[in-house]
Every structure is written in structure tokens, then in C-alpha cells.
Amino acid sequence: MFLSSPSMIPQLFSIQNIKNETRDTFTLELVSPDKLNISFHAGQFMMLYVFGIGEVPISISGNPTKTTKLLHTIRAVGTVTKQLKTMKRGDVIGVRGPFGSHWPVDESQGKDILIVAGGIGLAPLRPALLYILAYRQRYRKVTLLYGTRTADDLLFLSEIEQWRARLDLDVYITVDRSSKEWRGNVGVVTTLISKATFEPSKTVAMICGPEIMMRFVSVELQRCGVLVENIFVSLERNMKCAIGLCGHCQYGNIFVCKDGPVFAFPKIQHLFGKREL
Ligand SMILES: Cc1cc2nc3c(=O)[nH]c(=O)nc-3n(C[C@H](O)[C@H](O)[C@H](O)COP(=O)(O)OP(=O)(O)OC[C@H]3O[C@@H](n4cnc5c(N)ncnc54)[C@H](O)[C@@H]3O)c2cc1C
Ligand code: FES
């Protein structure tokens, strides 16, 4: 029965542009030949289907206030993502979605916002930041803390320069390992928290990155006085159906595909460190 559900049938999208972000990470710009508009919430994901190869969940990295094209920033790690990396402008893939929960950008109006990203975790957070910047007057202090392994792993470099030039956004960047050219902070992303200015009791934090990073960041933020219910993280888990039917992403009564991937920290903190999460 569910096979006839529109959420199980991929729509055809063609690749309009490809931008290499780093050695192994690239951004695909997809458009619908039928001129379908894709409205989505910041933090949601799509299932990208490479015909004859397979399907993968990938977050939307574009601007939720611009719905004519779909952006995905992808790290080539395995069968499907490596195949996506070989694709060219004009090639067609299947797309299902958008799926899942989202960052609480509307609910956080009037608050200080801390966006904390590790590595490719900036991709699912970029829509939240772009949305907040589009309605900047609705928020108090807005801060981006971003850490990668090396300077070569930094995503969206030219955009980061524009963000840094803004007076209404604080941007702090760090790398785990320095290089001859690097003049910025060195150390894990948690070391940036003490540099940022925010009022803990009025702060909403949105965190995405490796699980261990999200765990340490949320512990540190709570130590600083950020309320645990105002801390949000995005989880990754293997997915097949993406709509809560196959059980692939299930942990107890939680389905990461439909209850997540964005969760308030108290709801999933007991799952951190468990196998496959
Ligand atoms: C909700 C959600 C959102 C996601 N958003 C993004 C996104 O925006 N961009 C993105 O690049 N990925 C994202 N991912 C991860 C992405 O789905 C996986 O990287 C992808 O499924 C790997 O598929 P594959 O067929 O290329 O690799 P596989 O052949 O399945 O795996 C190959 C090898 O890579 C390893 N591997 C798998 N995933 C990762 C990973 N994330 N990092 C390092 N090694 C890995 C596997 O353990 C395996 O050894 C997201 C996942 C979820 C659940
Ligand atoms: S992916 Fe099938 S239940 Fe979540």
C-alpha cells in the first residue's frame, strides 16, 4: 500500500550546478524539470536516489526562504555518495522528501542563538542560519561556532567570509590541527564557547556534528547555564523508508526519520553512545 504513497515515489530532479567545497565534499544544486517548488524547514532531509545504485538520506543545505532549487552538501564516503560525486551537470537523480523534524527557528524568536557545527554538520545547520539571517530582527545575539579537523575541511568558505563581515552575527572558527597558513583558533569546537557572548538563560543552541562533539558541546553549554530543554541536536542513522515504516532507524519508541533528525537534547540523551547512533 505504501508504495503508492507519494513520499515513497522519487521525483526526477536534474543537477543544475556542482560546487566542490573540499577534497571530498561537494554541493549539488538540483532543479525540477516540472518546476516543482520545494518548501522545507531548516534541518529536514531528502532521500537522494542514484538509479541502479541506491538511495541515501542527505540534509538540505539550502535557504528555506528560496524554494525553486534544492541544495545538498555531500561527503563522498561510500557507494552512493561516491557515485553522486562522479555525476555531471544535467544528470538526473530521484528525490523523495522533505522528511523529518526541524530546527526550532520560529520557536526561538526573541532568544540568543548559538549555532554549533562540527565538520559537515554545518550543512544541515546552514538553512537555520540563513533563515535566522533573513529574519534577523526577530532574534537577539546570533553566534556561529564552527570547528573542522583542518582548514582544508572548512565548508562554504566564501560565504563564511560574508558572514564574518556582518555586524549582526558573531563567527568563531577553529581547527583541530593547524597548518603553516592557518592564523586562527586551534582546538576542538568546545573551546570556542568561552569566547562567545550570550545570555545562557535566554539562549537556544542548535548543534550538529559527530556524536561525541554534540555530547561534549551540550555538557559544556549546560555547565554555562544553557537550559537543557533549549539544546537541540541532529542525529544520523541508517535509513531506508524515511517515513517510519521499515524500522531501520528505530531505537526503542523513537524513529530518527520521523521523530528526528532534530531532537531536543533531553529526548535523546540516553541514546548517545548506543550502537548505530
Ligand atoms: C538525517 C540524515 C542526514 C544526513 N545528512 C547528510 C548530509 O547533509 N551530507 C552528508 O554527506 N551526509 C549526510 N548524511 C549521511 C549520509 O546519509 C551517509 O554518508 C550516506 O548514507 C552514506 O552512504 P553511501 O552509500 O555513500 O556509503 P556506504 O556504502 O553506506 O558506506 C560506506 C562507508 O562509509 C562509512 N560512512 C557512512 N556514513 C558515513 C559518514 N557520514 N561519515 C563517515 N563515514 C561514513 C560507512 O560506515 C562505510 O564504512 C545524513 C544522514 C542522515 C541519517
Ligand atoms: S527509515 Fe524506515 S523507519 Fe525510519
# chains A, B, ... in the order shown; residues from 1 in each chain; ligands from 1
$ residues_near_ligand --ligand "ligand 1" --cutoff "9 Å" --atoms "only C-alpha atoms and all ligand atoms" --output "number ranges by chain"
A: 25-26, 43-47, 53-61, 72-84, 99-100, 120-124, 210, 234-239, 242, 249, 256-257, 260-262
$ residues_around --residues "Tyr135 (chain A)" --least-positions-apart "3" --cutoff "12 Å" --atoms "only C-alpha atoms" --output "VMD selection string"
chain A and resid 64 to 65 105 to 106 108 to 110 128 to 132 138 to 140 142 168
$ closest_residue --among "A:Met87, A:Ala151, A:Ala205, A:Ile160" --to "Trp182 (chain A)" --atoms "only C-alpha atoms"
A:Ala151
$ select_by_dssp --residues "region 84-184 of chain A" --states "strand (DSSP E)" --output "VMD selection string"
chain A and resid 92 to 99 112 to 118 142 to 148 170 to 175
$ residues_around --residues "Thr67 (chain A)" --least-positions-apart "6" --cutoff "7 Å" --atoms "only C-alpha atoms" --output "PyMOL selection string"
chain A and resi 37-39
